[in-house]
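These notes are about the structure you will find just below.
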Amino acid sequence: MSFLVAFLGQVLHIALLVAAAPSLAGYMDWLHARLTGRAGVSWQRPWQNLLRLSRKQPVLAENASALFTAAPLVAFAAVAAAAALVPSFTLGMALAPLADLLVLVGLLALSRCALALAGLDIGTALGGMGASRTVTYACFGEPALLLVIFTLGLLAGSTNLDLVAAMQQESHFGWQAASTLALAATVIVGLVDAEAGPLRGPQQRAELAMLRQAVTLEFSGYSLAAAEATAAFRLLLWLDLIVALFLPFGMASPSAGLTAWPLGLLAWLVKLLILASVLVLSSVLLARFRLPRVPHLLGIATLLALLAAAFLFASTRTV
Amino acid sequence: MSDAIHLAGALGLLLSVGLLCQNRAAPARWLCVTQAAIVAAGLGVQGIIGGAPAVVIAAVLGFALNAVALPLALRRGAGATSAITAGTSVTLVAAVVLVAIALALAVRLDLGSRGEVIGLALAIVLLGLQRTALGADPGFRTLGLLAAQNGTLLAAAAMPDLPPLVLLVAALPIVPGLVAASAWLPAPP
(Lines give C-alpha, C1' and ligand atoms only; values in the text may rest on other atoms or scores of the structure.)
Protein backbone atom coordinates (compact mmCIF):
# COMPACT_ATOMS: atom_id res chain seq x y z
CA MET A 1 0.00 0.00 0.00
CA SER A 2 2.74 2.43 0.93
CA PHE A 3 4.54 1.64 -2.33
CA LEU A 4 1.34 2.34 -4.20
CA VAL A 5 1.01 5.73 -2.49
CA ALA A 6 4.66 6.49 -3.24
CA PHE A 7 4.17 5.48 -6.87
CA LEU A 8 1.00 7.53 -7.13
CA GLY A 9 2.82 10.51 -5.61
CA GLN A 10 5.63 10.15 -8.15
CA VAL A 11 3.21 9.99 -11.09
CA LEU A 12 1.32 13.04 -9.82
CA HIS A 13 4.61 14.88 -9.27
CA ILE A 14 5.72 14.21 -12.85
CA ALA A 15 2.31 15.26 -14.20
CA LEU A 16 2.53 18.47 -12.16
CA LEU A 17 6.02 19.19 -13.49
CA VAL A 18 4.90 18.72 -17.08
CA ALA A 19 1.95 21.02 -16.48
CA ALA A 20 3.83 23.60 -14.42
CA ALA A 21 7.13 24.08 -16.28
CA PRO A 22 5.85 25.81 -19.46
CA SER A 23 3.00 27.47 -17.56
CA LEU A 24 5.44 28.98 -15.06
CA ALA A 25 7.61 30.31 -17.90
CA GLY A 26 4.47 31.78 -19.46
CA TYR A 27 3.38 33.32 -16.16
CA MET A 28 6.82 34.91 -15.69
CA ASP A 29 6.81 36.34 -19.22
CA TRP A 30 3.29 37.70 -18.68
CA LEU A 31 4.16 39.26 -15.31
CA HIS A 32 7.35 40.76 -16.73
CA ALA A 33 5.35 42.31 -19.56
CA ARG A 34 2.73 43.70 -17.19
CA LEU A 35 5.34 45.17 -14.86
CA THR A 36 7.09 46.87 -17.76
CA GLY A 37 3.88 48.44 -19.03
CA ARG A 38 3.04 46.02 -21.83
CA ALA A 39 -0.09 43.94 -22.26
CA GLY A 40 1.83 40.68 -22.37
CA VAL A 41 0.90 37.43 -24.02
CA SER A 42 -1.11 34.66 -22.41
CA TRP A 43 0.59 32.35 -19.93
CA GLN A 44 -0.32 29.54 -22.33
CA ARG A 45 1.97 30.89 -25.07
CA PRO A 46 4.93 28.59 -24.18
CA TRP A 47 2.56 25.64 -24.49
CA GLN A 48 1.39 26.83 -27.89
CA ASN A 49 4.99 27.38 -29.01
CA LEU A 50 6.06 23.94 -27.82
CA LEU A 51 3.16 22.26 -29.60
CA ARG A 52 3.77 24.24 -32.78
CA LEU A 53 7.50 23.50 -32.80
CA SER A 54 7.14 19.84 -31.92
CA ARG A 55 5.08 19.28 -35.08
CA LYS A 56 7.85 20.63 -37.31
CA GLN A 57 10.83 18.74 -38.70
CA PRO A 58 14.18 20.34 -37.77
CA VAL A 59 16.30 21.98 -40.45
CA LEU A 60 19.84 20.73 -40.03
CA ALA A 61 23.09 22.36 -41.05
CA GLU A 62 25.06 20.45 -43.69
CA ASN A 63 27.85 19.56 -41.31
CA ALA A 64 25.59 18.59 -38.37
CA SER A 65 26.18 15.09 -37.07
CA ALA A 66 23.82 12.75 -35.26
CA LEU A 67 25.02 14.34 -32.02
CA PHE A 68 23.33 17.59 -32.97
CA THR A 69 19.98 15.82 -33.38
CA ALA A 70 20.32 13.81 -30.19
CA ALA A 71 21.74 16.54 -27.92
CA PRO A 72 18.53 18.50 -27.21
CA LEU A 73 16.68 15.30 -26.45
CA VAL A 74 19.48 14.10 -24.13
CA ALA A 75 19.54 17.50 -22.42
CA PHE A 76 15.78 17.46 -21.95
CA ALA A 77 15.81 13.88 -20.66
CA ALA A 78 18.54 14.70 -18.12
CA VAL A 79 16.81 17.82 -16.81
CA ALA A 80 13.41 16.11 -16.74
CA ALA A 81 14.89 13.16 -14.83
CA ALA A 82 16.52 15.55 -12.36
CA ALA A 83 13.25 17.44 -11.92
CA ALA A 84 11.40 14.18 -11.32
CA LEU A 85 13.77 13.44 -8.42
CA VAL A 86 13.23 16.74 -6.58
CA PRO A 87 10.21 16.46 -4.25
CA SER A 88 7.52 19.06 -4.78
CA PHE A 89 4.38 18.56 -2.68
CA THR A 90 5.22 15.37 -0.80
CA LEU A 91 8.21 13.46 0.48
CA GLY A 92 8.73 9.72 0.15
CA MET A 93 7.93 9.40 -3.56
CA ALA A 94 8.85 6.22 -5.43
CA LEU A 95 12.11 7.66 -6.79
CA ALA A 96 13.14 9.14 -3.42
CA PRO A 97 15.98 6.63 -2.83
CA LEU A 98 17.59 7.84 -6.09
CA ALA A 99 17.17 11.53 -5.25
CA ASP A 100 20.75 12.19 -4.28
CA LEU A 101 22.03 15.75 -4.58
CA LEU A 102 25.15 14.51 -6.35
CA VAL A 103 22.98 12.71 -8.90
CA LEU A 104 21.15 15.99 -9.52
CA VAL A 105 24.42 17.83 -10.09
CA GLY A 106 25.49 15.06 -12.48
CA LEU A 107 22.24 15.21 -14.44
CA LEU A 108 22.43 18.99 -14.72
CA ALA A 109 26.04 18.71 -15.90
CA LEU A 110 24.99 16.07 -18.46
CA SER A 111 22.30 18.35 -19.82
CA ARG A 112 24.66 21.31 -20.02
CA CYS A 113 27.35 19.18 -21.63
CA ALA A 114 24.93 17.83 -24.28
CA LEU A 115 23.86 21.33 -25.28
CA ALA A 116 27.46 22.57 -25.31
CA LEU A 117 28.48 19.68 -27.59
CA ALA A 118 25.58 20.51 -29.91
CA GLY A 119 26.79 24.13 -29.99
CA LEU A 120 30.28 22.98 -30.93
CA ASP A 121 29.12 20.30 -33.37
CA ILE A 122 27.81 22.64 -36.05
CA GLY A 123 30.96 24.75 -35.99
CA THR A 124 29.34 28.19 -36.00
CA ALA A 125 31.02 31.05 -34.16
CA LEU A 126 28.06 31.82 -31.90
CA GLY A 127 27.49 28.17 -31.04
CA GLY A 128 31.12 27.73 -30.04
CA MET A 129 31.06 30.93 -28.01
CA GLY A 130 27.89 29.93 -26.21
CA ALA A 131 29.25 26.44 -25.51
CA SER A 132 32.50 27.88 -24.20
CA ARG A 133 30.67 30.29 -21.90
CA THR A 134 28.28 27.62 -20.65
CA VAL A 135 31.10 25.30 -19.69
CA THR A 136 33.23 28.09 -18.21
CA TYR A 137 30.43 29.26 -15.95
CA ALA A 138 29.70 25.69 -14.95
CA CYS A 139 33.33 25.43 -13.80
CA PHE A 140 32.72 28.42 -11.52
CA GLY A 141 29.28 27.34 -10.34
CA GLU A 142 29.76 23.67 -9.63
CA PRO A 143 32.32 24.06 -6.82
CA ALA A 144 29.82 26.31 -5.04
CA LEU A 145 27.06 23.77 -5.49
CA LEU A 146 29.27 20.92 -4.30
CA LEU A 147 30.23 22.92 -1.21
CA VAL A 148 26.54 23.55 -0.51
CA ILE A 149 25.88 19.82 -0.85
CA PHE A 150 28.79 19.12 1.48
CA THR A 151 27.35 21.51 4.07
CA LEU A 152 23.80 20.18 3.80
CA GLY A 153 25.10 16.62 3.80
CA LEU A 154 26.96 17.27 7.03
CA LEU A 155 23.91 18.97 8.56
CA ALA A 156 21.46 16.22 7.62
CA GLY A 157 23.84 13.27 7.72
CA SER A 158 23.04 12.35 4.13
CA THR A 159 23.09 13.82 0.64
CA ASN A 160 19.70 12.29 -0.13
CA LEU A 161 17.35 15.11 -1.00
CA ASP A 162 14.38 13.55 0.73
CA LEU A 163 16.31 13.15 3.97
CA VAL A 164 17.68 16.69 3.80
CA ALA A 165 14.18 18.07 3.16
CA ALA A 166 12.70 15.96 5.96
CA MET A 167 15.39 17.14 8.38
CA GLN A 168 14.89 20.75 7.36
CA GLN A 169 11.11 20.34 7.71
CA GLU A 170 11.48 19.08 11.23
CA SER A 171 13.76 22.08 11.92
CA HIS A 172 16.57 19.91 13.14
CA PHE A 173 19.02 22.49 11.96
CA GLY A 174 16.62 25.46 11.75
CA TRP A 175 17.67 28.77 10.28
CA GLN A 176 21.26 28.69 11.34
CA ALA A 177 24.01 30.72 9.69
CA ALA A 178 25.22 27.74 7.66
CA SER A 179 21.86 27.05 6.02
CA THR A 180 21.25 30.76 5.30
CA LEU A 181 24.62 31.14 3.60
CA ALA A 182 24.08 27.87 1.72
CA LEU A 183 20.70 29.17 0.54
CA ALA A 184 22.30 32.36 -0.76
CA ALA A 185 24.96 30.37 -2.63
CA THR A 186 22.33 28.03 -4.11
CA VAL A 187 20.18 30.96 -5.25
CA ILE A 188 23.13 32.57 -7.05
CA VAL A 189 24.16 29.33 -8.78
CA GLY A 190 20.52 28.63 -9.70
CA LEU A 191 20.03 32.12 -11.11
CA VAL A 192 23.07 31.77 -13.34
CA ASP A 193 22.25 28.22 -14.41
CA ALA A 194 18.63 29.04 -15.22
CA GLU A 195 19.46 32.53 -16.54
CA ALA A 196 16.70 33.98 -14.42
CA GLY A 197 16.03 37.12 -12.40
CA PRO A 198 18.48 39.99 -12.89
CA LEU A 199 20.53 37.79 -15.21
CA ARG A 200 17.75 37.57 -17.74
CA GLY A 201 18.00 39.85 -20.75
CA PRO A 202 14.97 41.43 -22.34
CA GLN A 203 13.20 38.62 -24.19
CA GLN A 204 16.30 36.44 -23.81
CA ARG A 205 18.06 38.20 -26.67
CA ALA A 206 20.89 40.15 -25.13
CA GLU A 207 24.26 39.32 -23.68
CA LEU A 208 23.80 36.76 -20.93
CA ALA A 209 21.08 35.10 -22.94
CA MET A 210 23.85 34.38 -25.41
CA LEU A 211 24.72 31.45 -23.19
CA ARG A 212 21.71 29.32 -23.99
CA GLN A 213 20.45 31.31 -26.95
CA ALA A 214 23.78 31.01 -28.75
CA VAL A 215 23.94 27.28 -28.16
CA THR A 216 20.39 26.72 -29.30
CA LEU A 217 20.55 29.18 -32.19
CA GLU A 218 20.79 26.46 -34.83
CA PHE A 219 18.00 24.33 -33.40
CA SER A 220 14.66 24.24 -35.14
CA GLY A 221 11.51 22.16 -35.12
CA TYR A 222 11.22 19.58 -32.39
CA SER A 223 14.88 20.09 -31.43
CA LEU A 224 14.09 23.70 -30.56
CA ALA A 225 10.96 22.56 -28.73
CA ALA A 226 13.15 20.20 -26.66
CA ALA A 227 15.63 23.02 -25.95
CA GLU A 228 12.83 25.39 -24.89
CA ALA A 229 11.28 22.69 -22.69
CA THR A 230 14.72 22.04 -21.16
CA ALA A 231 15.00 25.71 -20.21
CA ALA A 232 11.52 25.72 -18.65
CA PHE A 233 12.19 22.50 -16.73
CA ARG A 234 15.57 23.78 -15.59
CA LEU A 235 14.00 26.89 -14.05
CA LEU A 236 11.31 24.83 -12.36
CA LEU A 237 13.93 22.38 -11.12
CA TRP A 238 15.93 25.16 -9.45
CA LEU A 239 12.86 26.67 -7.82
CA ASP A 240 11.79 23.22 -6.65
CA LEU A 241 15.26 22.49 -5.32
CA ILE A 242 15.38 25.73 -3.34
CA VAL A 243 11.91 25.04 -1.94
CA ALA A 244 12.76 21.44 -1.02
CA LEU A 245 16.14 22.21 0.54
CA PHE A 246 15.42 25.42 2.38
CA LEU A 247 11.66 26.09 2.47
CA PRO A 248 9.98 22.68 2.79
CA PHE A 249 7.15 24.07 4.92
CA GLY A 250 3.80 22.50 4.15
CA MET A 251 5.28 19.59 2.24
CA ALA A 252 3.38 16.38 3.00
CA SER A 253 5.39 13.84 4.98
CA PRO A 254 5.37 10.18 3.85
CA SER A 255 3.57 9.07 7.01
CA ALA A 256 0.75 11.61 6.56
CA GLY A 257 -0.67 9.74 3.56
CA LEU A 258 -2.98 11.06 0.88
CA THR A 259 -4.89 13.39 3.19
CA ALA A 260 -1.92 15.77 3.49
CA TRP A 261 -1.46 16.04 -0.27
CA PRO A 262 -3.96 18.87 -0.97
CA LEU A 263 -2.24 21.09 1.58
CA GLY A 264 1.15 20.11 0.18
CA LEU A 265 0.01 20.92 -3.35
CA LEU A 266 -1.33 24.29 -2.27
CA ALA A 267 1.85 25.14 -0.36
CA TRP A 268 4.01 24.11 -3.34
CA LEU A 269 1.99 26.22 -5.77
CA VAL A 270 2.03 29.26 -3.49
CA LYS A 271 5.79 29.00 -2.89
CA LEU A 272 6.44 28.52 -6.60
CA LEU A 273 4.35 31.54 -7.57
CA ILE A 274 5.98 33.70 -4.89
CA LEU A 275 9.50 32.72 -5.95
CA ALA A 276 8.67 33.21 -9.63
CA SER A 277 7.17 36.63 -8.90
CA VAL A 278 10.23 37.61 -6.86
CA LEU A 279 12.45 36.59 -9.77
CA VAL A 280 10.44 38.69 -12.19
CA LEU A 281 10.39 41.63 -9.79
CA SER A 282 14.15 41.41 -9.39
CA SER A 283 14.60 41.38 -13.16
CA VAL A 284 12.43 44.50 -13.43
CA LEU A 285 13.77 46.45 -10.46
CA LEU A 286 17.46 45.59 -10.51
CA ALA A 287 19.96 46.52 -13.16
CA ARG A 288 20.73 43.52 -15.33
CA PHE A 289 23.97 41.77 -14.53
CA ARG A 290 26.50 42.16 -17.28
CA LEU A 291 28.23 39.10 -18.62
CA PRO A 292 31.75 39.92 -17.33
CA ARG A 293 30.34 40.14 -13.79
CA VAL A 294 28.89 36.64 -13.82
CA PRO A 295 32.17 34.94 -12.81
CA HIS A 296 32.39 37.41 -9.91
CA LEU A 297 28.88 36.46 -8.88
CA LEU A 298 29.73 32.78 -9.01
CA GLY A 299 32.92 33.48 -7.08
CA ILE A 300 30.79 35.11 -4.38
CA ALA A 301 28.57 32.01 -4.38
CA THR A 302 31.62 29.80 -3.85
CA LEU A 303 32.83 31.99 -1.01
CA LEU A 304 29.39 31.97 0.61
CA ALA A 305 29.26 28.19 0.34
CA LEU A 306 32.74 28.03 1.86
CA LEU A 307 31.59 30.30 4.69
CA ALA A 308 28.55 28.08 5.19
CA ALA A 309 30.83 25.09 5.70
CA ALA A 310 33.05 27.13 8.02
CA PHE A 311 30.06 28.27 10.08
CA LEU A 312 28.83 24.70 10.28
CA PHE A 313 32.14 23.59 11.74
CA ALA A 314 32.20 26.57 14.09
CA SER A 315 28.66 25.91 15.31
CA THR A 316 29.41 22.24 15.95
CA ARG A 317 32.39 23.35 18.00
CA THR A 318 30.49 26.02 19.95
CA VAL A 319 27.14 24.26 20.58
CA MET B 1 19.59 32.39 21.47
CA SER B 2 16.55 32.22 19.18
CA ASP B 3 16.60 31.27 15.50
CA ALA B 4 15.65 34.88 14.69
CA ILE B 5 18.93 36.32 15.91
CA HIS B 6 20.91 33.59 14.11
CA LEU B 7 19.00 34.39 10.93
CA ALA B 8 19.53 38.13 11.44
CA GLY B 9 23.25 37.56 11.89
CA ALA B 10 23.51 35.37 8.80
CA LEU B 11 21.54 37.81 6.65
CA GLY B 12 23.61 40.67 8.06
CA LEU B 13 26.76 38.86 7.00
CA LEU B 14 25.33 38.29 3.51
CA LEU B 15 24.53 41.99 3.23
CA SER B 16 28.04 42.87 4.41
CA VAL B 17 29.48 40.73 1.60
CA GLY B 18 27.08 42.48 -0.79
CA LEU B 19 28.23 45.86 0.53
CA LEU B 20 31.84 44.95 -0.19
CA CYS B 21 30.95 44.20 -3.81
CA GLN B 22 28.88 47.33 -4.29
CA ASN B 23 30.58 50.44 -5.62
CA ARG B 24 27.58 52.71 -6.11
CA ALA B 25 26.40 54.90 -3.25
CA ALA B 26 22.61 54.47 -3.40
CA PRO B 27 22.48 50.64 -3.51
CA ALA B 28 25.18 50.50 -0.83
CA ARG B 29 23.09 52.76 1.38
CA TRP B 30 20.05 50.54 0.87
CA LEU B 31 22.13 47.49 1.78
CA CYS B 32 23.10 49.22 5.03
CA VAL B 33 19.51 50.20 5.76
CA THR B 34 18.35 46.61 5.17
CA GLN B 35 21.13 45.25 7.34
CA ALA B 36 20.27 47.62 10.19
CA ALA B 37 16.56 46.78 9.89
CA ILE B 38 17.24 43.03 9.90
CA VAL B 39 19.56 43.26 12.89
CA ALA B 40 16.99 45.40 14.74
CA ALA B 41 14.21 42.91 13.89
CA GLY B 42 16.35 39.98 15.09
CA LEU B 43 17.13 41.79 18.32
CA GLY B 44 13.49 42.75 18.80
CA VAL B 45 12.30 39.15 18.43
CA GLN B 46 15.10 37.95 20.71
CA GLY B 47 14.16 40.58 23.32
CA ILE B 48 10.47 39.69 23.21
CA ILE B 49 11.13 35.94 23.39
CA GLY B 50 13.74 36.32 26.15
CA GLY B 51 11.67 38.89 28.08
CA ALA B 52 14.48 41.45 27.99
CA PRO B 53 13.12 45.02 27.64
CA ALA B 54 16.60 46.49 27.26
CA VAL B 55 17.19 44.41 24.13
CA VAL B 56 13.84 45.56 22.67
CA ILE B 57 14.68 49.20 23.42
CA ALA B 58 18.14 48.73 21.88
CA ALA B 59 16.44 47.21 18.80
CA VAL B 60 14.08 50.19 18.45
CA LEU B 61 16.93 52.63 19.00
CA GLY B 62 19.14 50.78 16.53
CA PHE B 63 16.39 50.80 13.92
CA ALA B 64 15.61 54.49 14.36
CA LEU B 65 19.22 55.63 14.24
CA ASN B 66 21.02 53.06 12.06
CA ALA B 67 18.27 52.24 9.59
CA VAL B 68 16.50 55.60 9.30
CA ALA B 69 18.23 58.66 10.69
CA LEU B 70 21.86 58.18 9.64
CA PRO B 71 21.10 56.80 6.15
CA LEU B 72 18.76 59.76 5.59
CA ALA B 73 21.48 62.15 6.72
CA LEU B 74 23.93 60.40 4.42
CA ARG B 75 21.50 60.68 1.53
CA ARG B 76 21.32 64.42 1.96
CA GLY B 77 24.96 64.96 2.79
CA ALA B 78 27.21 62.53 0.99
CA GLY B 79 25.92 61.10 -2.24
CA ALA B 80 29.22 60.69 -4.01
CA THR B 81 30.10 57.42 -5.66
CA SER B 82 33.17 55.44 -4.86
CA ALA B 83 35.17 52.61 -6.35
CA ILE B 84 36.60 49.59 -4.63
CA THR B 85 40.29 50.26 -4.53
CA ALA B 86 41.38 46.62 -4.59
CA GLY B 87 40.08 44.06 -7.09
CA THR B 88 36.85 42.21 -6.29
CA SER B 89 38.63 38.86 -5.97
CA VAL B 90 41.25 40.23 -3.57
CA THR B 91 38.52 41.99 -1.57
CA LEU B 92 36.48 38.83 -1.25
CA VAL B 93 39.43 36.64 -0.35
CA ALA B 94 40.35 39.17 2.34
CA ALA B 95 36.73 39.07 3.49
CA VAL B 96 36.86 35.29 3.86
CA VAL B 97 40.06 35.58 5.88
CA LEU B 98 38.39 38.14 8.15
CA VAL B 99 35.34 35.94 8.63
CA ALA B 100 37.59 32.98 9.39
CA ILE B 101 39.37 35.07 12.03
CA ALA B 102 36.01 36.03 13.56
CA LEU B 103 34.91 32.41 13.59
CA ALA B 104 38.15 31.20 15.14
CA LEU B 105 37.74 33.81 17.85
CA ALA B 106 34.13 32.81 18.47
CA VAL B 107 35.10 29.15 18.77
CA ARG B 108 37.83 30.07 21.26
CA LEU B 109 35.32 32.03 23.37
CA ASP B 110 33.36 28.83 24.00
CA LEU B 111 29.98 30.49 24.61
CA GLY B 112 27.67 27.73 23.42
CA SER B 113 24.94 28.78 20.99
CA ARG B 114 25.88 32.44 21.56
CA GLY B 115 29.25 31.67 20.00
CA GLU B 116 27.82 31.47 16.48
CA VAL B 117 25.99 34.79 16.83
CA ILE B 118 29.12 36.44 18.22
CA GLY B 119 31.13 34.95 15.35
CA LEU B 120 28.63 36.38 12.87
CA ALA B 121 28.64 39.75 14.62
CA LEU B 122 32.44 39.92 14.66
CA ALA B 123 32.50 38.98 10.98
CA ILE B 124 30.04 41.82 10.23
CA VAL B 125 32.20 44.26 12.21
CA LEU B 126 35.37 43.20 10.40
CA LEU B 127 33.74 43.35 6.96
CA GLY B 128 32.34 46.79 7.81
CA LEU B 129 35.83 47.94 8.73
CA GLN B 130 37.14 46.45 5.50
CA ARG B 131 34.50 48.44 3.62
CA THR B 132 35.64 51.54 5.48
CA ALA B 133 39.25 50.88 4.54
CA LEU B 134 38.29 50.48 0.89
CA GLY B 135 36.00 53.52 0.81
CA ALA B 136 37.32 56.41 -1.26
CA ASP B 137 34.95 59.08 0.10
CA PRO B 138 33.33 59.95 3.46
CA GLY B 139 29.97 58.53 2.37
CA PHE B 140 31.35 55.06 1.80
CA ARG B 141 33.54 55.20 4.88
CA THR B 142 30.44 56.05 6.94
CA LEU B 143 28.51 53.19 5.38
CA GLY B 144 31.31 50.79 6.31
CA LEU B 145 31.27 52.07 9.86
CA LEU B 146 27.49 51.81 9.95
CA ALA B 147 27.72 48.15 8.93
CA ALA B 148 30.32 47.64 11.67
CA GLN B 149 27.94 49.36 14.08
CA ASN B 150 25.22 46.83 13.19
CA GLY B 151 27.68 44.05 13.99
CA THR B 152 28.57 45.69 17.29
CA LEU B 153 24.90 45.88 18.26
CA LEU B 154 24.41 42.22 17.37
CA ALA B 155 27.49 41.22 19.38
CA ALA B 156 26.34 43.27 22.37
CA ALA B 157 22.93 41.56 22.31
CA ALA B 158 24.58 38.13 22.19
CA MET B 159 26.99 38.78 25.04
CA PRO B 160 25.89 37.15 28.29
CA ASP B 161 25.16 39.38 31.30
CA LEU B 162 25.88 42.65 29.56
CA PRO B 163 24.59 45.67 31.54
CA PRO B 164 21.54 47.26 29.80
CA LEU B 165 23.23 50.66 29.66
CA VAL B 166 26.14 49.22 27.64
CA LEU B 167 23.67 47.60 25.27
CA LEU B 168 21.85 50.90 24.76
CA VAL B 169 25.13 52.73 24.17
CA ALA B 170 26.06 50.05 21.62
CA ALA B 171 22.90 50.93 19.69
CA LEU B 172 24.04 54.55 19.23
CA PRO B 173 25.96 55.11 15.98
CA ILE B 174 28.47 57.50 17.55
CA VAL B 175 31.50 56.83 15.33
CA PRO B 176 29.58 56.67 12.01
CA GLY B 177 27.68 59.80 13.06
CA LEU B 178 30.91 61.67 13.74
CA VAL B 179 32.40 60.61 10.40
CA ALA B 180 29.21 61.63 8.61
CA ALA B 181 29.25 64.98 10.42
CA SER B 182 32.87 65.54 9.45
CA ALA B 183 31.82 65.39 5.80
CA TRP B 184 29.58 68.43 6.35
CA LEU B 185 32.12 70.50 8.21
CA PRO B 186 33.99 73.05 6.10
CA ALA B 187 37.47 71.92 5.13
CA PRO B 188 40.32 73.77 6.92
CA PRO B 189 41.91 76.46 4.82
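Ordering of the C-alpha coordinates sets the chain letters (A, B, ...), residue numbers begin anew at 1 in every chain, and ligands are numbered from 1 in the order given.
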
Per-residue nearest contacts of chain B to chain A (7 Å; only C-alpha atoms) as JSON lines:
{"residue": "B:Asp3", "atom": "CA", "partner": "A:Trp175", "partner_atom": "CA", "distance": 5.9}
{"residue": "B:His6", "atom": "CA", "partner": "A:Gln176", "partner_atom": "CA", "distance": 5.6}
{"residue": "B:Leu7", "atom": "CA", "partner": "A:Trp175", "partner_atom": "CA", "distance": 5.8}
{"residue": "B:Ala10", "atom": "CA", "partner": "A:Ala177", "partner_atom": "CA", "distance": 4.8}
{"residue": "B:Leu103", "atom": "CA", "partner": "A:Ala314", "partner_atom": "CA", "distance": 6.5}
{"residue": "B:Val107", "atom": "CA", "partner": "A:Thr318", "partner_atom": "CA", "distance": 5.7}
{"residue": "B:Asp110", "atom": "CA", "partner": "A:Thr318", "partner_atom": "CA", "distance": 5.7}
{"residue": "B:Leu111", "atom": "CA", "partner": "A:Thr318", "partner_atom": "CA", "distance": 6.5}
{"residue": "B:Gly112", "atom": "CA", "partner": "A:Val319", "partner_atom": "CA", "distance": 4.5}
{"residue": "B:Ser113", "atom": "CA", "partner": "A:Val319", "partner_atom": "CA", "distance": 5.0}
{"residue": "B:Gly115", "atom": "CA", "partner": "A:Thr318", "partner_atom": "CA", "distance": 5.8}
{"residue": "B:Glu116", "atom": "CA", "partner": "A:Ser315", "partner_atom": "CA", "distance": 5.7}

(Q) With only C-alpha atoms as the counted atoms, please give the residues lying no more than 9 Å from Gln44 in chain A, apart from itself and same-chain residues fewer than 6 positions off, as JSON, numbers by chain. (A) {"A": [22, 23, 26, 27]}

Go ahead and write the selection's residues with all heavy atoms as a PDB file, in the first residue's frame.
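To be explicit, this is the file written out as result.pdb:
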ATOM      1  N   PRO A  22       6.120  24.771 -18.462  1.00  0.00           N
ATOM      2  CA  PRO A  22       5.847  25.813 -19.463  1.00  0.00           C
ATOM      3  C   PRO A  22       4.889  26.889 -18.938  1.00  0.00           C
ATOM      4  O   PRO A  22       5.034  28.067 -19.291  1.00  0.00           O
ATOM      5  CB  PRO A  22       5.200  25.046 -20.624  1.00  0.00           C
ATOM      6  CG  PRO A  22       5.522  23.611 -20.394  1.00  0.00           C
ATOM      7  CD  PRO A  22       5.598  23.456 -18.913  1.00  0.00           C
ATOM      8  N   SER A  23       3.950  26.482 -18.082  1.00  0.00           N
ATOM      9  CA  SER A  23       2.997  27.471 -17.560  1.00  0.00           C
ATOM     10  C   SER A  23       3.721  28.512 -16.708  1.00  0.00           C
ATOM     11  O   SER A  23       3.393  29.709 -16.760  1.00  0.00           O
ATOM     12  CB  SER A  23       1.929  26.789 -16.713  1.00  0.00           C
ATOM     13  OG  SER A  23       1.332  25.765 -17.436  1.00  0.00           O
ATOM     14  N   GLY A  26       5.469  30.873 -18.884  1.00  0.00           N
ATOM     15  CA  GLY A  26       4.472  31.782 -19.458  1.00  0.00           C
ATOM     16  C   GLY A  26       4.009  32.820 -18.459  1.00  0.00           C
ATOM     17  O   GLY A  26       3.879  34.003 -18.791  1.00  0.00           O
ATOM     18  N   TYR A  27       3.801  32.388 -17.216  1.00  0.00           N
ATOM     19  CA  TYR A  27       3.384  33.323 -16.162  1.00  0.00           C
ATOM     20  C   TYR A  27       4.456  34.391 -15.941  1.00  0.00           C
ATOM     21  O   TYR A  27       4.148  35.582 -15.807  1.00  0.00           O
ATOM     22  CB  TYR A  27       3.127  32.546 -14.864  1.00  0.00           C
ATOM     23  CG  TYR A  27       3.041  33.423 -13.639  1.00  0.00           C
ATOM     24  CD1 TYR A  27       1.933  34.219 -13.416  1.00  0.00           C
ATOM     25  CD2 TYR A  27       4.091  33.463 -12.719  1.00  0.00           C
ATOM     26  CE1 TYR A  27       1.865  35.042 -12.296  1.00  0.00           C
ATOM     27  CE2 TYR A  27       4.029  34.271 -11.605  1.00  0.00           C
ATOM     28  CZ  TYR A  27       2.914  35.057 -11.398  1.00  0.00           C
ATOM     29  OH  TYR A  27       2.852  35.875 -10.303  1.00  0.00           O
TER      30      TYR A  27
END

**Q.** Residue neighbourhood Phe246 in chain A, 8 Å, only C-alpha atoms, exclusion window fewer than 6 positions, as a PyMOL selection string
**A.** chain A and resi 165+168+179+183
